[in-house]
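**Student:** Here you go, this is work21.txt (compact mmCIF, C-alpha atoms and all ligand atoms).
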# COMPACT_ATOMS: atom_id res chain seq x y z
CA MET G 1 3.22 -12.59 -25.36
CA ALA G 2 2.41 -11.67 -21.76
CA LYS G 3 4.86 -12.04 -18.92
CA LEU G 4 3.64 -14.53 -16.35
CA ILE G 5 3.26 -13.28 -12.77
CA SER G 6 3.93 -16.40 -10.75
CA GLY G 7 1.99 -16.62 -7.51
CA LYS G 8 4.32 -19.41 -6.46
CA GLU G 9 7.32 -17.11 -6.73
CA VAL G 10 5.73 -14.03 -5.15
CA SER G 11 4.10 -16.01 -2.33
CA ALA G 12 7.41 -17.74 -1.56
CA ARG G 13 8.98 -14.32 -1.15
CA VAL G 14 6.17 -13.09 1.14
CA LYS G 15 6.37 -16.24 3.25
CA ALA G 16 10.17 -15.97 3.52
CA GLU G 17 9.75 -12.40 4.85
CA VAL G 18 7.08 -13.55 7.31
CA LYS G 19 9.29 -16.42 8.47
CA ALA G 20 12.25 -14.09 9.05
CA GLU G 21 10.05 -11.78 11.17
CA CYS G 22 8.55 -14.75 12.99
CA ASP G 23 12.06 -15.91 13.92
CA ARG G 24 12.77 -12.46 15.38
CA LEU G 25 9.50 -12.57 17.37
CA LYS G 26 10.40 -16.00 18.73
CA GLU G 27 13.61 -14.52 20.15
CA LYS G 28 11.31 -12.28 22.20
CA GLY G 29 9.30 -15.31 23.32
CA ILE G 30 6.36 -14.68 20.97
CA THR G 31 5.09 -17.35 18.57
CA PRO G 32 2.27 -16.22 16.26
CA GLY G 33 -0.74 -18.52 16.53
CA LEU G 34 -3.60 -19.07 14.08
CA ALA G 35 -6.82 -20.91 14.96
CA VAL G 36 -8.70 -22.40 12.02
CA ILE G 37 -12.30 -23.45 12.48
CA ILE G 38 -13.91 -25.82 10.01
CA VAL G 39 -17.50 -27.00 10.30
CA GLY G 40 -18.78 -30.02 8.36
CA ASN G 41 -17.19 -32.10 5.63
CA ASP G 42 -16.90 -29.87 2.56
CA PRO G 43 -13.95 -31.36 0.62
CA ALA G 44 -12.83 -28.01 -0.86
CA SER G 45 -12.84 -26.42 2.62
CA ARG G 46 -10.77 -29.34 3.92
CA VAL G 47 -8.14 -28.73 1.19
CA TYR G 48 -8.02 -24.98 2.01
CA VAL G 49 -7.69 -25.65 5.76
CA ASN G 50 -4.89 -28.17 5.19
CA ASN G 51 -3.03 -25.67 2.99
CA LYS G 52 -3.37 -22.98 5.66
CA LYS G 53 -2.01 -25.29 8.34
CA LYS G 54 0.88 -26.26 6.07
CA ALA G 55 1.71 -22.60 5.46
CA CYS G 56 1.70 -21.93 9.24
CA ALA G 57 4.24 -24.73 9.73
CA GLU G 58 6.39 -23.32 6.89
CA VAL G 59 6.65 -19.85 8.45
CA GLY G 60 7.00 -21.11 12.03
CA PHE G 61 3.54 -20.28 13.40
CA VAL G 62 1.51 -22.45 15.73
CA SER G 63 -1.77 -23.53 14.16
CA GLU G 64 -4.73 -25.01 15.95
CA GLU G 65 -7.49 -26.74 14.03
CA TYR G 66 -11.02 -26.90 15.39
CA ALA G 67 -12.92 -29.40 13.21
CA LEU G 68 -16.56 -29.34 14.25
CA PRO G 69 -19.31 -31.67 13.06
CA GLU G 70 -21.97 -30.56 10.56
CA SER G 71 -24.52 -30.69 13.43
CA THR G 72 -22.75 -27.91 15.41
CA THR G 73 -25.20 -25.26 16.64
CA GLU G 74 -24.60 -21.55 16.27
CA GLU G 75 -24.37 -21.26 20.04
CA GLN G 76 -21.58 -23.85 20.18
CA LEU G 77 -19.70 -22.17 17.36
CA LEU G 78 -20.01 -18.73 18.97
CA GLU G 79 -18.82 -20.18 22.28
CA LEU G 80 -15.69 -21.49 20.59
CA VAL G 81 -15.05 -18.11 18.93
CA ASP G 82 -15.43 -16.42 22.30
CA GLU G 83 -12.94 -18.83 23.88
CA LEU G 84 -10.43 -18.19 21.09
CA ASN G 85 -10.94 -14.42 21.34
CA LYS G 86 -9.72 -14.71 24.94
CA LYS G 87 -6.84 -17.10 24.27
CA ASP G 88 -3.48 -15.30 24.52
CA THR G 89 -1.52 -17.74 22.36
CA ILE G 90 -3.95 -17.28 19.45
CA HIS G 91 -3.49 -14.09 17.42
CA GLY G 92 -5.59 -14.90 14.39
CA ILE G 93 -8.96 -16.66 14.07
CA LEU G 94 -10.31 -17.89 10.81
CA CYS G 95 -13.62 -19.62 10.25
CA GLN G 96 -13.54 -21.44 6.91
CA LEU G 97 -16.50 -20.43 4.74
CA PRO G 98 -18.98 -21.47 3.53
CA LEU G 99 -20.62 -22.67 6.72
CA PRO G 100 -23.46 -25.24 6.67
CA SER G 101 -26.71 -23.42 5.84
CA HIS G 102 -28.17 -23.56 9.39
CA LEU G 103 -25.31 -21.37 10.66
CA ASP G 104 -25.32 -17.60 10.19
CA GLU G 105 -21.98 -16.59 8.64
CA LYS G 106 -22.56 -12.93 9.52
CA ALA G 107 -23.05 -13.72 13.22
CA VAL G 108 -19.82 -15.70 13.30
CA ILE G 109 -17.80 -13.04 11.47
CA ASN G 110 -19.18 -10.38 13.81
CA ALA G 111 -18.21 -12.46 16.85
CA ILE G 112 -14.53 -12.71 15.93
CA SER G 113 -12.54 -10.02 17.70
CA PRO G 114 -11.52 -7.43 15.05
CA GLU G 115 -7.93 -7.64 16.38
CA LYS G 116 -7.87 -11.37 15.54
CA ASP G 117 -9.91 -11.13 12.33
CA VAL G 118 -7.07 -12.08 9.95
CA ASP G 119 -9.50 -12.56 7.03
CA ALA G 120 -10.51 -8.88 7.47
CA PHE G 121 -14.21 -9.73 7.11
CA HIS G 122 -15.43 -8.07 10.35
CA PRO G 123 -17.50 -4.91 9.62
CA SER G 124 -15.07 -2.84 11.67
CA ASN G 125 -12.12 -3.99 9.53
CA VAL G 126 -14.15 -3.55 6.34
CA GLY G 127 -14.90 0.04 7.40
CA LYS G 128 -11.23 0.67 8.08
CA ILE G 129 -10.35 -0.54 4.59
CA MET G 130 -12.90 1.87 3.15
CA ILE G 131 -11.22 4.84 4.83
CA GLY G 132 -7.72 3.56 4.08
CA ASP G 133 -6.74 3.18 7.75
CA TYR G 134 -6.35 -0.54 8.20
CA THR G 135 -4.40 -3.21 10.10
CA PHE G 136 -5.46 -6.13 7.93
CA LEU G 137 -6.29 -6.30 4.28
CA PRO G 138 -8.52 -9.08 2.94
CA CYS G 139 -6.12 -11.80 1.80
CA THR G 140 -7.11 -12.32 -1.84
CA PRO G 141 -7.22 -8.66 -2.97
CA ALA G 142 -4.07 -7.97 -0.92
CA GLY G 143 -2.39 -10.87 -2.72
CA VAL G 144 -3.35 -9.39 -6.09
CA MET G 145 -1.85 -6.02 -5.06
CA GLU G 146 1.34 -7.77 -3.94
CA MET G 147 1.66 -9.35 -7.40
CA ILE G 148 1.12 -5.94 -9.02
CA HIS G 149 3.82 -4.37 -6.82
CA PHE G 150 6.24 -7.26 -7.34
CA SER G 151 5.93 -6.82 -11.11
CA GLY G 152 6.58 -3.07 -10.89
CA ILE G 153 3.18 -2.23 -12.39
CA GLU G 154 2.03 1.34 -11.73
CA VAL G 155 -1.67 1.64 -10.78
CA SER G 156 -1.92 5.43 -10.48
CA GLY G 157 -4.03 6.96 -13.24
CA LYS G 158 -4.71 3.60 -14.89
CA ASN G 159 -8.13 2.37 -15.94
CA CYS G 160 -8.82 -0.55 -13.63
CA VAL G 161 -11.78 -2.85 -14.16
CA VAL G 162 -12.82 -5.41 -11.55
CA ILE G 163 -15.35 -8.03 -12.67
CA GLY G 164 -17.22 -9.23 -9.57
CA ARG G 165 -18.59 -7.34 -6.57
CA SER G 166 -18.41 -9.84 -3.72
CA ASN G 167 -17.54 -8.65 -0.23
CA ILE G 168 -14.57 -11.03 -0.16
CA VAL G 169 -12.96 -10.20 -3.48
CA GLY G 170 -14.56 -7.71 -5.89
CA LYS G 171 -15.46 -4.79 -3.57
CA PRO G 172 -12.24 -4.72 -1.51
CA MET G 173 -10.20 -5.28 -4.68
CA ALA G 174 -11.73 -2.16 -6.20
CA MET G 175 -11.01 -0.22 -3.00
CA LEU G 176 -7.34 -1.22 -2.93
CA LEU G 177 -6.88 -0.16 -6.55
CA LEU G 178 -8.62 3.12 -5.74
CA HIS G 179 -6.27 3.69 -2.77
CA GLU G 180 -3.42 3.51 -5.27
CA ASN G 181 -5.10 6.12 -7.46
CA GLY G 182 -6.49 3.83 -10.12
CA THR G 183 -9.65 4.92 -11.94
CA VAL G 184 -11.81 1.98 -10.98
CA THR G 185 -14.92 0.45 -12.53
CA ILE G 186 -16.70 -2.48 -10.90
CA CYS G 187 -18.62 -4.78 -13.24
CA HIS G 188 -21.12 -7.40 -12.14
CA SER G 189 -23.92 -9.64 -13.32
CA ARG G 190 -26.18 -6.69 -14.24
CA THR G 191 -23.50 -4.67 -16.05
CA LYS G 192 -24.37 -3.65 -19.58
CA ASN G 193 -21.66 -3.46 -22.28
CA LEU G 194 -19.27 -5.59 -20.25
CA LYS G 195 -17.03 -6.28 -23.24
CA GLU G 196 -16.73 -2.59 -24.09
CA ILE G 197 -15.88 -1.64 -20.48
CA CYS G 198 -13.34 -4.44 -20.03
CA SER G 199 -11.62 -3.62 -23.30
CA GLN G 200 -10.80 -0.13 -21.91
CA ALA G 201 -8.98 -1.61 -18.93
CA ASP G 202 -5.24 -1.18 -18.41
CA ILE G 203 -5.61 -3.46 -15.40
CA LEU G 204 -8.33 -6.13 -15.50
CA VAL G 205 -9.19 -8.28 -12.48
CA ALA G 206 -11.55 -11.22 -12.99
CA ALA G 207 -13.37 -12.55 -9.91
CA VAL G 208 -16.49 -14.18 -11.33
CA GLY G 209 -16.18 -17.94 -10.93
CA ARG G 210 -16.80 -18.97 -14.55
CA PRO G 211 -14.26 -20.72 -16.77
CA ASN G 212 -13.20 -18.81 -19.92
CA PHE G 213 -15.40 -15.85 -18.97
CA VAL G 214 -12.79 -13.29 -20.05
CA THR G 215 -12.11 -13.80 -23.73
CA ALA G 216 -9.40 -12.14 -25.84
CA ASP G 217 -11.87 -9.71 -27.44
CA MET G 218 -12.55 -8.22 -23.97
CA VAL G 219 -8.89 -7.44 -23.38
CA LYS G 220 -6.98 -4.38 -24.56
CA ASP G 221 -3.55 -4.91 -26.13
CA GLY G 222 -0.93 -4.67 -23.38
CA ALA G 223 -3.39 -4.91 -20.48
CA VAL G 224 -2.44 -6.46 -17.13
CA VAL G 225 -4.81 -9.39 -16.47
CA LEU G 226 -5.19 -10.82 -12.97
CA ASP G 227 -7.30 -13.95 -12.68
CA VAL G 228 -8.83 -14.58 -9.25
CA GLY G 229 -11.27 -17.27 -10.41
CA ILE G 230 -10.88 -20.86 -9.31
CA ASN G 231 -13.06 -23.25 -11.29
CA ARG G 232 -12.94 -27.00 -11.43
CA LEU G 233 -13.70 -28.45 -14.86
CA LYS G 234 -15.49 -31.78 -15.36
CA SER G 235 -12.09 -33.30 -16.14
CA GLY G 236 -11.03 -32.37 -12.60
CA LYS G 237 -8.59 -29.75 -13.92
CA LEU G 238 -8.50 -26.33 -12.23
CA CYS G 239 -8.83 -23.19 -14.29
CA GLY G 240 -9.45 -19.49 -13.77
CA ASP G 241 -11.97 -17.08 -15.29
CA VAL G 242 -9.70 -16.05 -18.15
CA ASP G 243 -9.26 -17.79 -21.49
CA PHE G 244 -5.57 -17.99 -20.73
CA GLU G 245 -4.22 -19.24 -24.07
CA ALA G 246 -5.88 -16.52 -26.13
CA VAL G 247 -5.49 -13.68 -23.61
CA GLU G 248 -1.79 -14.25 -22.92
CA LYS G 249 -1.13 -13.33 -26.56
CA LYS G 250 -2.62 -9.83 -26.00
CA ALA G 251 -1.82 -8.98 -22.37
CA SER G 252 1.45 -7.52 -21.07
CA TYR G 253 1.18 -9.44 -17.78
CA ILE G 254 -1.06 -12.33 -16.78
CA THR G 255 -1.52 -14.59 -13.76
CA PRO G 256 -1.98 -18.35 -14.27
CA VAL G 257 -4.46 -20.67 -12.55
CA PRO G 258 -3.34 -22.70 -10.71
CA GLY G 259 -0.19 -21.10 -9.33
CA GLY G 260 -1.40 -17.51 -9.50
CA VAL G 261 -3.59 -15.64 -7.01
CA GLY G 262 -4.40 -18.83 -5.02
CA PRO G 263 -1.01 -19.20 -3.29
CA MET G 264 -0.95 -15.43 -2.66
CA THR G 265 -4.14 -15.61 -0.58
CA ILE G 266 -2.53 -17.98 1.91
CA ALA G 267 0.72 -15.99 2.01
CA MET G 268 -1.24 -12.83 2.87
CA LEU G 269 -3.09 -14.72 5.61
CA MET G 270 0.31 -15.48 7.14
CA LYS G 271 1.24 -11.81 6.84
CA ASN G 272 -1.99 -10.78 8.61
CA THR G 273 -1.43 -13.29 11.42
CA LEU G 274 2.08 -11.94 11.91
CA SER G 275 0.69 -8.36 12.06
CA ALA G 276 -1.91 -9.48 14.62
CA ALA G 277 0.75 -11.13 16.80
CA LYS G 278 2.91 -8.00 16.64
CA ALA G 279 -0.02 -5.71 17.46
CA ALA G 280 -1.11 -7.92 20.38
CA ASN G 281 2.40 -7.52 21.83
CA GLY G 282 2.67 -3.79 21.18
CA ILE G 283 5.28 -4.22 18.43
CA GLU G 284 5.04 -1.81 15.48
P1 LIG F 301 -19.16 -14.64 -5.85
O1 LIG F 301 -19.97 -15.71 -6.49
O2 LIG F 301 -19.50 -14.14 -4.52
O3 LIG F 301 -19.12 -13.38 -6.82
C1 LIG F 301 -19.05 -13.51 -8.22
C2 LIG F 301 -19.28 -12.17 -8.83
O4 LIG F 301 -19.29 -12.32 -10.24
C3 LIG F 301 -20.60 -11.52 -8.44
O5 LIG F 301 -20.34 -10.28 -7.82
C4 LIG F 301 -21.36 -11.34 -9.74
O6 LIG F 301 -22.00 -10.08 -9.83
C5 LIG F 301 -20.26 -11.47 -10.78
N1 LIG F 301 -20.82 -12.04 -12.00
C6 LIG F 301 -21.53 -13.19 -12.11
N2 LIG F 301 -21.93 -13.33 -13.39
C7 LIG F 301 -21.48 -12.28 -14.07
C8 LIG F 301 -21.60 -11.86 -15.40
N3 LIG F 301 -22.26 -12.57 -16.30
N4 LIG F 301 -21.02 -10.69 -15.78
C9 LIG F 301 -20.34 -9.97 -14.87
N5 LIG F 301 -20.19 -10.31 -13.58
C10 LIG F 301 -20.76 -11.46 -13.19
O7 LIG F 301 -17.65 -15.17 -5.91
P2 LIG F 301 -16.33 -14.68 -5.13
O8 LIG F 301 -16.34 -15.24 -3.78
O9 LIG F 301 -16.09 -13.22 -5.34
O10 LIG F 301 -15.26 -15.49 -5.99
C11 LIG F 301 -15.08 -15.26 -7.38
C12 LIG F 301 -14.12 -16.30 -7.92
O11 LIG F 301 -12.88 -16.16 -7.26
C13 LIG F 301 -14.55 -17.76 -7.66
O12 LIG F 301 -14.11 -18.55 -8.75
C14 LIG F 301 -13.79 -18.13 -6.42
O13 LIG F 301 -13.55 -19.53 -6.33
C15 LIG F 301 -12.51 -17.38 -6.63
N6 LIG F 301 -11.78 -17.05 -5.40
C16 LIG F 301 -10.46 -17.27 -5.44
C17 LIG F 301 -9.69 -16.98 -4.35
C18 LIG F 301 -8.22 -17.21 -4.42
O14 LIG F 301 -7.58 -17.37 -3.40
N7 LIG F 301 -7.64 -17.21 -5.63
C19 LIG F 301 -10.27 -16.44 -3.19
C20 LIG F 301 -11.64 -16.18 -3.18
C21 LIG F 301 -12.39 -16.48 -4.32
Could you spell out this file's structure in C-alpha cells?

**Tutor:**
Amino acid sequence: MAKLISGKEVSARVKAEVKAECDRLKEKGITPGLAVIIVGNDPASRVYVNNKKKACAEVGFVSEEYALPESTTEEQLLELVDELNKKDTIHGILCQLPLPSHLDEKAVINAISPEKDVDAFHPSNVGKIMIGDYTFLPCTPAGVMEMIHFSGIEVSGKNCVVIGRSNIVGKPMAMLLLHENGTVTICHSRTKNLKEICSQADILVAAVGRPNFVTADMVKDGAVVLDVGINRLKSGKLCGDVDFEAVEKKASYITPVPGGVGPMTIAMLMKNTLSAAKAANGIE
C-alpha cells in the first residue's frame, strides 16, 4: 500500500517557513505584498482567489484584490497591470486565469513585470527556467517537486513520465524533473502506447484533467504517483486524474485529491512572493 504524501502537511511546513521569513522582513520594515486581479464572475476563479488571499493573511503578507467586471477592456486591464508594476508596496502580481475570451491572456502575462511575475508565466521567466537559472518556479510543478523532496524521493536517474504538456503544468514539470537528472518523457493527447510508456515510470505525474485517467494497469509496482488533476464530478465531489483506490495498492507513494498538489500550489505562490519582496529590497 502506498504512503500518502499529504499536501496539507507539506504546504503547512512551507507556509510556516515563509511566515518566519516574513516576520524577519517586517523587522526591517518590509511587508511582502501580493496583488490579485480577477476579471468576471467565474466561480472556480473566485474560490482560487479567496484561497490565495487567505494564504497571504496566514503568512503575514498584504494582499490587494482587484475584482474587475466581465466588460473590462484589455486597455483597462493593461493600465492596472502597469500601475501595479510601479507600486512599491506590491511585490507580486497575479492575474487569475482564465480571462474572459475577449481579453488576450498572452498580452496580460507579457505586461506583468518579470520581477513581479510570481506565477512565473512571463516568457522571460519561462526562458530562465529552461536554462536552470531562475528566480521563480511555476507554482504547481514547484509544489510537486517540494512533495518529492519532503518524501526523500531521489529523482536522479529515474524514469519520469509526465502526462500533459501545458505551459502551466506539464512542460515546466518535465523541465524541473530534468534539472534533477531524471530521464523524462512527456506524454500528451497524441502519444501512442501511453499505457506502455507510463508503466515504465518510476515517477509518474498526471496533469490531464480527466477523472480516473491513470488506471492501475498503467502504473509500475512501487512507482511514485503524483496527481495534479483537479476534476469535479457530477456529484460535486473533487477528484484527481488517478484511479486512487486501485493505484494506491501498487504505488510506493501517492498524492491524494483533494489535499495533495492543490494546497502546494498556493504555498509555492507565497514562497515566490517572499522571494520577489526580498529581491526588490536587495536581500539574498
Ligand atoms: P490542459 O488542458 O492545458 O492540459 C491537459 C494536457 O493533457 C494536454 O497537454 C493534453 O495533451 C493532455 N491530454 C489530454 N488528453 C490526453 C490523453 N488522452 N492522453 C494523454 N494526454 C492527454 O490542463 P492543465 O492546465 O495542464 O491542467 C491539467 C490538470 O491539472 C487539470 O485537471 C487542472 O485543473 C489541474 N491543475 C491543478 C493545479 C493544482 O494546483 N493542483 C494547477 C493547475 C492545473

**Student:** Report the distance between CA of Pro114 (chain G) and CA of Glu83 (chain G) in Å, rounded to one decimal place.

**Tutor:**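 Rounded to one decimal, the two atoms are 14.5 Å apart.
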
**Student:** Considering all atoms listed in the file, can you say which of G:Thr273, G:Ser71, G:Ser252, G:Thr185 comes closest to ligand LIG 301 (chain F)?

**Tutor:**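 That would be G:Thr185, the residue with the smallest distance to ligand LIG 301 (chain F).
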
**Student:** Neighbours of ligand LIG 301 (chain F) at 8 Å or closer, counting all atoms listed in the file: which residues, as a ChimeraX atom specification?

**Tutor:** /G:139-140,163-170,187-191,194,206-210,227-231,240-241,260-266

**Student:** Residues at most 7 Å from region 24-34 of chain G, counting only C-alpha atoms, excluding those fewer than 4 positions away in the same chain, as an NGL selection string?

**Tutor:** :G and (20 or 61-64 or 89-93 or 273-274 or 277)

**Student:** Just give me the residues with any atom within 12 Å of (1.7, -25.4, 6.2), file coordinates, counting only C-alpha atoms, written as a ChimeraX atom specification.

**Tutor:** /G:15,19,34,47-64,263,266-267,269-270

**Student:** Any idea what the distance is between CA of Phe121 (chain G) and CA of Met175 (chain G)?

**Tutor:** 14.2 Å

**Student:** So, with all atoms listed in the file as the atoms that count, which of G:Asp42, G:Glu248, G:Glu154, G:Glu17 lies closest to Asn181 (chain G)?

**Tutor:**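 Smallest separation from Asn181 (chain G) among the options: G:Glu154.
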
**Student:** Can you measure CA of Thr255 (chain G) to CA of Ile148 (chain G) for me? One decimal in Å is fine.

**Tutor:**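 Straight-line distance from CA of Thr255 (chain G) to CA of Ile148 (chain G) works out to 10.2 Å.
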
**Student:** For each of G:Ala280, G:Ile129, G:Pro98, G:Tyr66, take the minimum atom-to-atom distance to Leu84 (chain G), counting all atoms listed in the file, then give the residue where this is smallest.

**Tutor:** G:Tyr66
